[in-house]
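K.L.:
Below is model-v4.txt; it holds compact mmCIF, C-alpha atoms and all ligand atoms.
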# COMPACT_ATOMS: atom_id res chain seq x y z
CA MET A 30 -3.75 -2.50 4.11
CA ASN A 31 -3.81 -3.68 0.50
CA ILE A 32 -4.90 -7.01 -0.94
CA HIS A 33 -4.28 -8.87 -4.18
CA GLU A 34 -6.39 -8.57 -7.32
CA TYR A 35 -7.74 -12.12 -7.00
CA GLN A 36 -8.81 -11.49 -3.40
CA ALA A 37 -10.47 -8.21 -4.37
CA LYS A 38 -12.31 -9.95 -7.19
CA ALA A 39 -13.55 -12.67 -4.83
CA LEU A 40 -14.96 -9.94 -2.61
CA LEU A 41 -16.57 -8.20 -5.60
CA ARG A 42 -18.04 -11.54 -6.72
CA SER A 43 -19.50 -12.19 -3.25
CA TYR A 44 -21.41 -8.90 -3.50
CA GLY A 45 -22.67 -9.74 -6.99
CA ALA A 46 -20.42 -7.44 -9.02
CA PRO A 47 -19.52 -8.72 -12.52
CA VAL A 48 -16.06 -10.36 -12.62
CA SER A 49 -14.61 -13.20 -14.68
CA ASP A 50 -14.11 -16.69 -13.35
CA GLY A 51 -10.54 -17.30 -12.19
CA ARG A 52 -8.21 -19.37 -10.03
CA ALA A 53 -5.32 -18.29 -7.82
CA VAL A 54 -2.16 -20.38 -8.00
CA LEU A 55 0.72 -20.50 -5.53
CA ARG A 56 2.80 -23.28 -7.11
CA ALA A 57 3.60 -23.98 -10.75
CA GLU A 58 2.32 -27.57 -10.44
CA GLU A 59 -1.19 -26.25 -9.70
CA ALA A 60 -1.39 -24.06 -12.79
CA LYS A 61 -2.54 -26.66 -15.31
CA THR A 62 -5.40 -27.96 -13.16
CA ALA A 63 -6.45 -24.39 -12.36
CA ALA A 64 -6.49 -23.34 -16.01
CA GLY A 65 -8.34 -26.55 -16.92
CA GLU A 66 -11.21 -25.55 -14.65
CA LEU A 67 -11.85 -22.43 -16.73
CA ASP A 68 -13.80 -22.33 -19.98
CA GLY A 69 -11.39 -20.69 -22.41
CA PRO A 70 -10.86 -20.25 -25.37
CA LEU A 71 -8.60 -17.51 -23.94
CA TRP A 72 -6.85 -17.50 -20.59
CA VAL A 73 -5.22 -14.49 -18.98
CA VAL A 74 -2.31 -15.19 -16.65
CA LYS A 75 -1.73 -12.38 -14.16
CA ALA A 76 1.11 -11.80 -11.69
CA GLN A 77 -0.27 -10.98 -8.23
CA ILE A 78 1.72 -8.25 -6.52
CA HIS A 79 0.57 -5.26 -4.50
CA ALA A 80 1.34 -2.82 -7.31
CA GLY A 81 -0.29 -1.71 -10.52
CA GLY A 82 1.19 -1.33 -13.97
CA ARG A 83 1.80 -5.08 -14.27
CA GLY A 84 0.76 -5.25 -17.90
CA LYS A 85 3.45 -2.79 -18.90
CA GLY A 86 5.90 -4.05 -16.26
CA LYS A 87 9.11 -5.91 -17.02
CA PHE A 88 10.59 -8.93 -15.28
CA LYS A 89 14.18 -8.74 -14.13
CA GLU A 90 16.47 -10.72 -16.44
CA ALA A 91 13.70 -10.82 -19.04
CA GLU A 92 14.45 -12.36 -22.42
CA ALA A 93 14.31 -9.99 -25.39
CA GLY A 94 10.67 -9.26 -26.22
CA GLU A 95 9.36 -11.15 -23.19
CA LYS A 96 5.91 -10.05 -22.07
CA GLY A 97 5.15 -8.37 -18.72
CA GLY A 98 2.99 -9.43 -15.77
CA VAL A 99 -0.29 -9.91 -17.69
CA ARG A 100 -0.18 -12.55 -20.44
CA ILE A 101 -2.76 -14.04 -22.75
CA ALA A 102 -2.69 -17.79 -23.40
CA LYS A 103 -4.58 -19.78 -26.05
CA SER A 104 -4.60 -23.14 -24.31
CA VAL A 105 -4.50 -24.68 -20.84
CA GLU A 106 -0.90 -25.81 -21.48
CA GLU A 107 0.18 -22.36 -22.56
CA ALA A 108 -1.47 -20.80 -19.49
CA ALA A 109 0.42 -23.25 -17.25
CA THR A 110 3.69 -22.48 -19.05
CA GLU A 111 3.24 -18.72 -18.64
CA ALA A 112 2.40 -19.14 -14.94
CA ARG A 113 5.54 -21.24 -14.44
CA LYS A 114 7.65 -18.60 -16.21
CA MET A 115 6.44 -15.82 -13.91
CA LEU A 116 6.39 -17.49 -10.49
CA GLY A 117 9.32 -16.61 -8.24
CA ARG A 118 10.66 -13.88 -10.51
CA THR A 119 10.84 -10.16 -9.79
CA LEU A 120 8.48 -7.84 -11.64
CA VAL A 121 9.33 -4.16 -11.96
CA THR A 122 6.52 -1.70 -12.72
CA HIS A 123 6.26 2.07 -12.45
CA GLN A 124 4.56 1.52 -9.09
CA THR A 125 7.06 -0.93 -7.56
CA GLY A 126 10.11 1.28 -8.04
CA ALA A 127 13.44 -0.11 -9.25
CA PRO A 128 13.73 -3.03 -6.76
CA GLY A 129 10.47 -4.54 -8.09
CA LYS A 130 8.40 -7.18 -6.32
CA GLN A 131 8.73 -10.93 -6.25
CA VAL A 132 5.80 -12.77 -7.81
CA ASN A 133 4.64 -15.46 -5.40
CA ARG A 134 1.08 -15.84 -6.65
CA ILE A 135 -0.54 -16.03 -10.07
CA TYR A 136 -4.14 -15.48 -11.02
CA ILE A 137 -5.42 -17.31 -14.07
CA GLU A 138 -8.74 -16.05 -15.37
CA ASP A 139 -11.05 -16.32 -18.35
CA GLY A 140 -10.06 -13.96 -21.12
CA SER A 141 -12.62 -11.32 -22.08
CA ASP A 142 -13.34 -9.68 -25.42
CA ILE A 143 -13.03 -5.96 -24.93
CA ALA A 144 -14.92 -3.22 -26.77
CA ARG A 145 -14.04 -0.37 -24.41
CA GLU A 146 -11.75 0.10 -21.39
CA LEU A 147 -13.05 2.57 -18.77
CA TYR A 148 -11.72 3.85 -15.47
CA LEU A 149 -13.65 3.84 -12.19
CA ALA A 150 -12.46 4.41 -8.64
CA LEU A 151 -13.84 5.20 -5.19
CA LEU A 152 -11.75 6.82 -2.54
CA VAL A 153 -11.95 8.76 0.68
CA ASP A 154 -11.65 12.40 -0.32
CA ARG A 155 -9.99 14.13 2.62
CA GLN A 156 -10.86 17.59 1.33
CA THR A 157 -14.62 17.00 1.50
CA SER A 158 -14.46 14.22 4.14
CA ARG A 159 -16.64 12.16 1.84
CA ILE A 160 -16.44 9.17 -0.42
CA ALA A 161 -15.66 10.31 -3.95
CA PHE A 162 -16.09 8.66 -7.33
CA VAL A 163 -13.49 9.17 -10.02
CA CYS A 164 -14.23 8.00 -13.56
CA SER A 165 -12.98 8.37 -17.09
CA THR A 166 -13.65 7.04 -20.56
CA GLU A 167 -9.88 6.63 -20.98
CA GLY A 168 -9.38 3.51 -18.84
CA GLY A 169 -6.65 0.91 -19.21
CA MET A 170 -2.94 1.01 -18.85
CA ASP A 171 -2.32 4.73 -19.51
CA ILE A 172 -4.53 6.36 -16.87
CA GLU A 173 -1.58 8.17 -15.23
CA GLU A 174 -0.83 9.80 -18.57
CA VAL A 175 -4.49 10.83 -18.97
CA ALA A 176 -4.42 12.43 -15.51
CA ALA A 177 -1.25 14.36 -16.40
CA GLN A 178 -2.00 15.35 -20.02
CA THR A 179 -5.81 15.61 -20.25
CA PRO A 180 -7.23 15.93 -16.73
CA GLU A 181 -10.51 17.24 -18.20
CA LYS A 182 -11.22 13.66 -19.28
CA ILE A 183 -11.55 12.64 -15.63
CA LEU A 184 -14.78 13.29 -13.74
CA SER A 185 -14.81 13.35 -9.95
CA PHE A 186 -17.62 14.01 -7.49
CA SER A 187 -18.37 13.10 -3.89
CA VAL A 188 -21.41 11.65 -2.17
CA ASP A 189 -23.13 13.46 0.67
CA PRO A 190 -23.26 10.91 3.50
CA ALA A 191 -26.40 12.51 4.95
CA SER A 192 -28.52 11.67 1.90
CA GLY A 193 -26.40 8.69 0.88
CA LEU A 194 -26.03 7.14 -2.54
CA SER A 195 -28.88 7.35 -5.04
CA ASP A 196 -29.50 6.08 -8.54
CA PHE A 197 -28.60 9.49 -9.96
CA HIS A 198 -25.01 9.03 -8.83
CA GLY A 199 -24.87 5.85 -10.88
CA ARG A 200 -26.46 7.58 -13.88
CA ARG A 201 -23.97 10.42 -13.56
CA VAL A 202 -21.11 7.92 -13.81
CA ALA A 203 -22.83 6.10 -16.68
CA PHE A 204 -23.23 9.26 -18.76
CA ALA A 205 -19.68 10.39 -18.01
CA LEU A 206 -18.50 7.00 -19.25
CA GLY A 207 -20.60 7.28 -22.42
CA LEU A 208 -22.73 4.25 -21.59
CA GLU A 209 -26.05 3.69 -23.32
CA GLY A 210 -29.25 1.66 -23.03
CA GLY A 211 -28.96 -1.41 -20.80
CA GLN A 212 -25.42 -0.48 -19.86
CA VAL A 213 -26.74 2.48 -17.84
CA LYS A 214 -28.82 0.13 -15.71
CA GLN A 215 -25.84 -2.17 -15.20
CA CYS A 216 -23.73 0.83 -14.21
CA VAL A 217 -26.28 2.07 -11.66
CA ALA A 218 -26.34 -1.39 -10.06
CA LEU A 219 -22.54 -1.65 -10.09
CA ILE A 220 -22.08 1.78 -8.48
CA LYS A 221 -24.51 0.79 -5.72
CA THR A 222 -22.64 -2.44 -5.10
CA LEU A 223 -19.21 -0.80 -5.05
CA TYR A 224 -20.37 1.92 -2.67
CA LYS A 225 -21.87 -0.71 -0.36
CA ILE A 226 -18.66 -2.78 -0.26
CA PHE A 227 -16.58 0.35 0.22
CA VAL A 228 -18.58 1.48 3.25
CA GLU A 229 -19.18 -1.94 4.80
CA LYS A 230 -15.52 -2.93 4.61
CA ASP A 231 -14.04 0.44 5.65
CA MET A 232 -12.06 0.88 2.46
CA GLU A 233 -9.74 3.73 1.63
CA MET A 234 -9.51 3.01 -2.07
CA LEU A 235 -11.23 0.82 -4.64
CA GLU A 236 -10.02 1.03 -8.20
CA ILE A 237 -11.43 -0.80 -11.20
CA ASN A 238 -9.10 -0.19 -14.14
CA PRO A 239 -10.18 -1.25 -16.58
CA LEU A 240 -13.90 -1.53 -16.19
CA ILE A 241 -14.72 -2.96 -19.59
CA VAL A 242 -17.68 -3.05 -21.94
CA THR A 243 -17.73 -6.32 -23.88
CA PRO A 244 -18.76 -6.38 -27.56
CA ASP A 245 -22.22 -7.61 -26.48
CA GLY A 246 -22.64 -4.66 -24.09
CA GLN A 247 -21.85 -6.23 -20.72
CA LEU A 248 -19.91 -4.35 -18.03
CA LYS A 249 -17.14 -6.26 -16.26
CA CYS A 250 -14.49 -5.46 -13.65
CA LEU A 251 -11.29 -6.66 -15.34
CA ASP A 252 -8.84 -5.41 -12.72
CA ALA A 253 -9.45 -4.58 -9.06
CA LYS A 254 -7.34 -2.89 -6.47
CA MET A 255 -8.47 -2.41 -2.88
CA GLY A 256 -6.97 -0.61 0.08
CA PHE A 257 -8.47 -0.80 3.58
CA ASP A 258 -8.26 1.61 6.48
CA GLY A 259 -5.67 0.02 8.79
CA ASN A 260 -7.33 1.54 11.85
CA ALA A 261 -10.58 -0.28 11.06
CA ILE A 262 -9.12 -3.70 10.22
CA TYR A 263 -9.96 -5.00 13.69
CA ARG A 264 -13.61 -4.81 12.68
CA HIS A 265 -13.02 -7.10 9.68
CA PRO A 266 -11.34 -10.41 10.52
CA ASP A 267 -12.24 -11.66 7.03
CA ILE A 268 -10.19 -8.84 5.47
CA ALA A 269 -7.37 -9.15 8.02
CA ALA A 270 -7.03 -12.80 6.96
CA LEU A 271 -6.20 -11.66 3.41
CA ARG A 272 -3.06 -9.86 4.53
CA ASP A 273 0.02 -11.00 2.60
CA GLU A 274 2.98 -10.18 4.81
CA THR A 275 5.47 -10.96 2.03
CA GLU A 276 4.23 -7.83 0.25
CA GLU A 277 5.09 -5.53 3.13
CA ASP A 278 8.30 -3.83 4.17
CA PRO A 279 9.71 -6.16 6.89
CA LYS A 280 10.55 -3.16 9.08
CA GLU A 281 7.02 -1.77 8.80
CA LEU A 282 5.62 -5.23 9.50
CA ALA A 283 7.72 -5.61 12.69
CA ALA A 284 6.65 -2.11 13.74
CA SER A 285 2.97 -2.90 13.28
CA LYS A 286 3.33 -5.96 15.54
CA PHE A 287 4.57 -3.67 18.34
CA ASP A 288 1.99 -1.02 17.59
CA LEU A 289 4.61 1.51 16.47
CA ASN A 290 3.79 4.08 13.81
CA TYR A 291 6.71 3.49 11.47
CA ILE A 292 7.16 4.34 7.81
CA ALA A 293 10.41 3.55 6.00
CA LEU A 294 11.91 6.39 3.93
CA ASP A 295 14.97 6.76 1.72
CA GLY A 296 17.28 8.95 3.83
CA GLU A 297 20.24 8.26 6.13
CA ILE A 298 19.13 9.51 9.55
CA GLY A 299 16.98 7.20 11.64
CA CYS A 300 14.55 9.04 13.92
CA MET A 301 12.88 7.89 17.11
CA VAL A 302 10.32 10.40 18.26
CA ASN A 303 7.16 10.48 20.36
CA GLY A 304 4.11 12.13 18.86
CA ALA A 305 3.30 12.40 15.17
CA GLY A 306 3.63 16.19 15.15
CA LEU A 307 7.06 16.12 16.76
CA ALA A 308 8.08 13.35 14.36
CA MET A 309 7.09 15.52 11.39
CA ALA A 310 8.94 18.52 12.84
CA THR A 311 12.01 16.35 13.41
CA MET A 312 11.98 15.16 9.79
CA ASP A 313 11.60 18.76 8.60
CA ILE A 314 14.50 20.02 10.64
CA ILE A 315 16.78 17.18 9.53
CA LYS A 316 16.07 18.26 5.96
CA LEU A 317 16.62 21.90 6.88
CA TYR A 318 20.17 21.07 7.97
CA GLY A 319 20.88 19.22 4.76
CA ALA A 320 20.20 15.52 5.43
CA GLU A 321 17.28 13.16 4.81
CA PRO A 322 15.26 11.13 7.35
CA ALA A 323 15.44 7.32 6.99
CA ASN A 324 12.04 6.88 8.55
CA PHE A 325 9.05 8.34 10.27
CA LEU A 326 8.64 6.80 13.71
CA ASP A 327 6.21 7.75 16.43
CA VAL A 328 6.66 5.48 19.46
CA GLY A 329 3.45 6.89 20.93
CA GLY A 330 2.58 8.39 24.26
CA GLY A 331 2.56 5.30 26.44
CA ALA A 332 5.62 3.52 25.10
CA THR A 333 7.20 0.90 27.37
CA LYS A 334 10.87 0.09 27.61
CA GLU A 335 10.23 -2.99 25.43
CA LYS A 336 8.53 -0.91 22.76
CA VAL A 337 11.40 1.57 22.68
CA THR A 338 13.85 -1.33 22.40
CA GLU A 339 11.93 -2.77 19.43
CA ALA A 340 11.78 0.63 17.77
CA PHE A 341 15.51 1.01 18.15
CA LYS A 342 16.11 -2.45 16.69
CA ILE A 343 13.96 -1.65 13.66
CA ILE A 344 15.88 1.57 13.01
CA THR A 345 19.29 -0.10 13.30
CA SER A 346 18.23 -2.97 11.02
CA ASP A 347 18.02 -0.48 8.13
CA PRO A 348 21.37 -0.54 6.27
CA ASN A 349 20.76 3.01 4.99
CA VAL A 350 20.84 4.44 8.51
CA LYS A 351 24.13 6.29 9.08
CA GLY A 352 23.10 8.04 12.28
CA ILE A 353 20.22 8.06 14.77
CA LEU A 354 18.39 10.95 16.34
CA VAL A 355 16.24 10.27 19.41
CA ASN A 356 14.00 13.24 20.06
CA ILE A 357 11.60 12.86 22.95
CA PHE A 358 9.33 15.29 24.65
CA GLY A 359 8.27 13.57 27.85
CA GLY A 360 4.71 14.51 28.67
CA ILE A 361 2.81 11.31 29.33
CA MET A 362 5.96 9.49 28.27
CA ARG A 363 8.74 9.72 30.85
CA CYS A 364 12.27 10.56 29.76
CA ASP A 365 13.81 7.94 32.07
CA ILE A 366 11.76 5.18 30.40
CA ILE A 367 13.03 6.29 27.00
CA ALA A 368 16.58 6.43 28.29
CA GLU A 369 16.32 2.91 29.73
CA GLY A 370 14.87 1.63 26.46
CA VAL A 371 17.63 3.20 24.41
CA ILE A 372 20.34 1.78 26.68
CA ALA A 373 18.74 -1.68 26.69
CA ALA A 374 18.46 -1.64 22.90
CA VAL A 375 22.01 -0.46 22.36
CA LYS A 376 23.31 -3.17 24.69
CA GLU A 377 21.30 -5.77 22.78
CA VAL A 378 21.94 -4.78 19.18
CA GLY A 379 25.11 -2.69 19.50
CA LEU A 380 25.66 0.76 18.10
CA LYS A 381 27.63 1.16 14.88
CA VAL A 382 26.49 4.69 14.00
CA PRO A 383 26.45 8.01 15.86
CA LEU A 384 23.52 8.53 18.21
CA VAL A 385 22.21 11.93 19.29
CA VAL A 386 19.66 12.05 22.09
CA ARG A 387 17.56 15.04 22.95
CA LEU A 388 15.27 14.66 25.95
CA GLU A 389 12.89 17.23 27.35
CA GLY A 390 9.99 17.12 29.80
CA THR A 391 8.97 14.77 32.60
CA ASN A 392 11.93 13.23 34.47
CA VAL A 393 14.38 14.78 32.03
CA GLU A 394 17.19 14.98 34.61
CA LYS A 395 16.78 11.33 35.52
CA GLY A 396 16.78 10.41 31.84
CA LYS A 397 19.94 12.38 31.12
CA GLU A 398 21.65 10.82 34.11
CA ILE A 399 20.82 7.30 32.92
CA ILE A 400 22.35 8.10 29.53
CA ASN A 401 25.39 9.92 30.91
CA THR A 402 26.28 7.14 33.35
CA SER A 403 25.67 4.34 30.84
CA GLY A 404 29.18 4.54 29.45
CA LEU A 405 27.75 4.57 25.93
CA ASP A 406 28.99 6.90 23.25
CA VAL A 407 25.91 9.10 23.05
CA ILE A 408 25.91 12.73 21.91
CA ALA A 409 23.61 14.78 24.14
CA ALA A 410 21.65 17.71 22.71
CA ASP A 411 19.74 20.51 24.37
CA ASN A 412 17.07 21.39 21.87
CA LEU A 413 15.63 20.30 18.55
CA SER A 414 17.79 22.50 16.38
CA ASP A 415 20.95 21.61 18.31
CA ALA A 416 20.07 17.91 18.02
CA ALA A 417 19.46 18.07 14.28
CA GLN A 418 22.69 19.98 13.64
CA LYS A 419 24.68 17.51 15.74
CA ILE A 420 23.37 14.40 14.00
CA VAL A 421 23.78 15.90 10.52
CA LYS A 422 27.33 16.91 11.38
CA ALA A 423 28.09 13.45 12.79
CA VAL A 424 26.82 11.79 9.62
CA LYS A 425 28.06 14.22 6.99
CA GLY A 426 31.22 15.39 8.74
P1 LIG A 501 -2.32 -3.70 -14.56
O1 LIG A 501 -3.25 -2.57 -14.35
O2 LIG A 501 -1.55 -4.04 -13.32
O3 LIG A 501 -1.44 -3.51 -15.76
P2 LIG A 501 -4.64 -5.20 -15.49
O4 LIG A 501 -5.33 -6.27 -14.75
O5 LIG A 501 -5.35 -3.90 -15.62
O6 LIG A 501 -3.19 -5.03 -14.85
O7 LIG A 501 -4.30 -5.77 -16.92
C1 LIG A 501 -3.69 -4.98 -17.94
C2 LIG A 501 -4.48 -5.08 -19.22
O8 LIG A 501 -4.58 -6.45 -19.61
C3 LIG A 501 -5.91 -4.58 -19.11
O9 LIG A 501 -5.99 -3.19 -19.34
C4 LIG A 501 -6.61 -5.39 -20.18
O10 LIG A 501 -6.45 -4.77 -21.44
C5 LIG A 501 -5.85 -6.71 -20.20
N1 LIG A 501 -6.56 -7.74 -19.41
C6 LIG A 501 -6.49 -7.94 -18.07
N2 LIG A 501 -7.28 -8.96 -17.69
C7 LIG A 501 -7.87 -9.43 -18.80
C8 LIG A 501 -8.83 -10.46 -19.08
N3 LIG A 501 -9.32 -11.24 -18.11
N4 LIG A 501 -9.20 -10.62 -20.37
C9 LIG A 501 -8.72 -9.86 -21.35
N5 LIG A 501 -7.84 -8.88 -21.17
C10 LIG A 501 -7.40 -8.64 -19.90
MG MG A 502 -5.22 -2.26 -14.31
What would you get if you wrote out this structure as structure tokens?

P.N.:
Amino acid sequence: MNIHEYQAKALLRSYGAPVSDGRAVLRAEEAKTAAGELDGPLWVVKAQIHAGGRGKGKFKEAEAGEKGGVRIAKSVEEAATEARKMLGRTLVTHQTGAPGKQVNRIYIEDGSDIARELYLALLVDRQTSRIAFVCSTEGGMDIEEVAAQTPEKILSFSVDPASGLSDFHGRRVAFALGLEGGQVKQCVALIKTLYKIFVEKDMEMLEINPLIVTPDGQLKCLDAKMGFDGNAIYRHPDIAALRDETEEDPKELAASKFDLNYIALDGEIGCMVNGAGLAMATMDIIKLYGAEPANFLDVGGGATKEKVTEAFKIITSDPNVKGILVNIFGGIMRCDIIAEGVIAAVKEVGLKVPLVVRLEGTNVEKGKEIINTSGLDVIAADNLSDAAQKIVKAVKG
């Protein structure tokens, strides 16, 4: 789960990390009051979307030369005007993809003087099963380019959880970032704080880009991006409350409410499968026969008829879906339950695309019978490869 920059900064502030003063704004009318509460003489007006690259992003239907999603204002009035201009419009950045994201929230914060822009991130490194730091002197808006062109300018190391974090980790970051004197001490303290938040809040990712050094030598977190481990959210009601459902894919959101593991993809074949491994294999084999999966969906081992119905509804709500493949291996899950769920869902939402069903395992005969006597136009398949070929043929002709 991701949160907005202003929410991440509030969390950083509550742990004592250095961030600027700022105000979040949901409606244009609030912008002037919000900006007036800040000191100035510079205000930075920032579009809040769950995607980076806002500074270099472009609004849809932008006027010639119009600025992106991060704008500097020289007065309270100007800050309010810029906020009004951005609210409700769609911002496209290299991270949003072509459709972009609608800006529903604005963050207005004190402008900072910047001497240097650095990069700092913490993430869960799956290779070492540890928390890793990533840092670079080349922070700011071109970090992707740095990673691609000059990867040697990025330092990464992980922390042994048995001995935990020590001051030397902080000093290692400080020296890699070319910090000197009092800045080293600030860096050691900041690294400790970030590591503490990361662990306490079960984060997956924490990125500060840029971490700046001001002309008078102060470190400050000028941007903040946080991602939390969805499986641990139940332990953090304070973080769960920060969820912004408007930022999420509506299909994925519906799936999460029914405890379905669903991820929307770009292809044309909707898949309903039980078990993550079988779901991956199903996606692979669809590709092998020349089509693309429209989603990953694992209905889980103990799916009920209701859950299967919901899953089916989510798949059919995707306009890209030109055919559906149900591939179930009934172990704990019984084939007849799946069959009943599919029939119930089809009766409820209708079926406008070809449907191939492959059932195997517990109660398979009963399941097949339910489907065969349903009177629905379902293509039966005997095994995975047969099923994949049939659905690809039905969709592609
Ligand atoms: P994004 O990474 O989405 O483009 P950032 O928050 O990193 O958004 O902002 C982009 C750039 O705007 C920063 O690299 C920095 O140069 C500038 N900037 C952002 N916030 C401030 C601020 N409060 N004061 C001065 N400059 C800022
Ligand atoms: Mg940034």

K.L.:
Would you list the residues that come within 10 Å of ligand MG 502 (chain A)? Count all atoms listed in the file and give the answer as a PyMOL selection string.

P.N.:
chain A and resi 34+80-85+99+146+148+168-172+236-240+250-254

K.L.:
Go ahead and fit an axis-aligned box to every listed atom of stretch 96-99 of chain A plus 8 Å each side, and pass me the centre and edge lengths in Å, one decimal, as lines of an AutoDock Vina configuration file.

P.N.:
center_x = 2.8
center_y = -9.2
center_z = -18.9
size_x = 22.2
size_y = 17.7
size_z = 22.3

K.L.:
List as a list in words the protein and nucleic acid residues near stretch 100-117 of chain A, meaning an atom at most 6 Å away when all atoms listed in the file are counted, but skip any in the same chain fewer than 6 places from it.

P.N.:
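Counting all atoms listed in the file, the residues come to Ala57, Ala60, Lys61, Ala64, Gly65, Leu71, Trp72, Val73, Val74, Val132 and Asn133 of chain A.
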
K.L.:
Compile the contact shell of stretch 320-336 of chain A as an NGL selection string: residues with an atom at most 6 Å away, counting all atoms listed in the file, same-chain residues fewer than 4 positions apart removed.

P.N.:
:A and (289-299 or 301-305 or 312 or 315-316 or 361-362 or 366 or 370)

K.L.:
Which is closer to A:Ser43 than all the others in A:Ile353, A:Ile367, A:Ile399, A:Ile226, using all atoms listed in the file?

P.N.:
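Of A:Ile353, A:Ile367, A:Ile399, A:Ile226, the one nearest A:Ser43 is A:Ile226, counting all atoms listed in the file.
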
K.L.:
For stretch 271-288 of chain A, where the input has fewer atoms than it should, I would like N, CA and C atoms rebuilt and written as a JSON list (two decimals), in the frame of the given file.

P.N.:
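Writing the result to part-v2.json gives the following:
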[["chain", "number", "residue", "atom", "x", "y", "z"],
["A", 271, "LEU", "N", -6.72, -11.74, 4.78],
["A", 271, "LEU", "CA", -6.20, -11.66, 3.41],
["A", 271, "LEU", "C", -4.82, -11.00, 3.36],
["A", 272, "ARG", "N", -4.35, -10.55, 4.51],
["A", 272, "ARG", "CA", -3.06, -9.86, 4.53],
["A", 272, "ARG", "C", -1.94, -10.77, 4.01],
["A", 273, "ASP", "N", -1.13, -10.26, 3.12],
["A", 273, "ASP", "CA", 0.02, -11.00, 2.60],
["A", 273, "ASP", "C", 1.28, -10.30, 3.09],
["A", 274, "GLU", "N", 1.86, -10.86, 4.16],
["A", 274, "GLU", "CA", 2.98, -10.18, 4.81],
["A", 274, "GLU", "C", 4.21, -10.10, 3.91],
["A", 275, "THR", "N", 4.30, -11.00, 2.92],
["A", 275, "THR", "CA", 5.47, -10.96, 2.03],
["A", 275, "THR", "C", 5.47, -9.70, 1.16],
["A", 276, "GLU", "N", 4.32, -9.04, 1.07],
["A", 276, "GLU", "CA", 4.23, -7.83, 0.25],
["A", 276, "GLU", "C", 4.65, -6.58, 1.02],
["A", 277, "GLU", "N", 4.85, -6.73, 2.33],
["A", 277, "GLU", "CA", 5.09, -5.53, 3.13],
["A", 277, "GLU", "C", 6.56, -5.35, 3.48],
["A", 278, "ASP", "N", 6.95, -4.13, 3.73],
["A", 278, "ASP", "CA", 8.30, -3.83, 4.17],
["A", 278, "ASP", "C", 8.50, -4.54, 5.52],
["A", 279, "PRO", "N", 9.55, -5.40, 5.64],
["A", 279, "PRO", "CA", 9.71, -6.16, 6.89],
["A", 279, "PRO", "C", 9.83, -5.26, 8.12],
["A", 280, "LYS", "N", 10.41, -4.08, 7.95],
["A", 280, "LYS", "CA", 10.55, -3.16, 9.08],
["A", 280, "LYS", "C", 9.18, -2.61, 9.50],
["A", 281, "GLU", "N", 8.36, -2.29, 8.50],
["A", 281, "GLU", "CA", 7.02, -1.77, 8.80],
["A", 281, "GLU", "C", 6.16, -2.87, 9.43],
["A", 282, "LEU", "N", 6.38, -4.10, 8.97],
["A", 282, "LEU", "CA", 5.62, -5.23, 9.50],
["A", 282, "LEU", "C", 5.96, -5.44, 10.98],
["A", 283, "ALA", "N", 7.28, -5.44, 11.29],
["A", 283, "ALA", "CA", 7.72, -5.61, 12.69],
["A", 283, "ALA", "C", 7.14, -4.48, 13.53],
["A", 284, "ALA", "N", 7.17, -3.26, 13.00],
["A", 284, "ALA", "CA", 6.65, -2.11, 13.74],
["A", 284, "ALA", "C", 5.16, -2.29, 14.05],
["A", 285, "SER", "N", 4.41, -2.78, 13.07],
["A", 285, "SER", "CA", 2.97, -2.90, 13.28],
["A", 285, "SER", "C", 2.68, -3.94, 14.37],
["A", 286, "LYS", "N", 3.55, -4.95, 14.51],
["A", 286, "LYS", "CA", 3.33, -5.96, 15.54],
["A", 286, "LYS", "C", 3.55, -5.38, 16.94],
["A", 287, "PHE", "N", 4.34, -4.31, 17.04],
["A", 287, "PHE", "CA", 4.57, -3.67, 18.34],
["A", 287, "PHE", "C", 3.81, -2.36, 18.46],
["A", 288, "ASP", "N", 2.86, -2.18, 17.52],
["A", 288, "ASP", "CA", 1.99, -1.02, 17.59],
["A", 288, "ASP", "C", 2.77, 0.30, 17.51]]
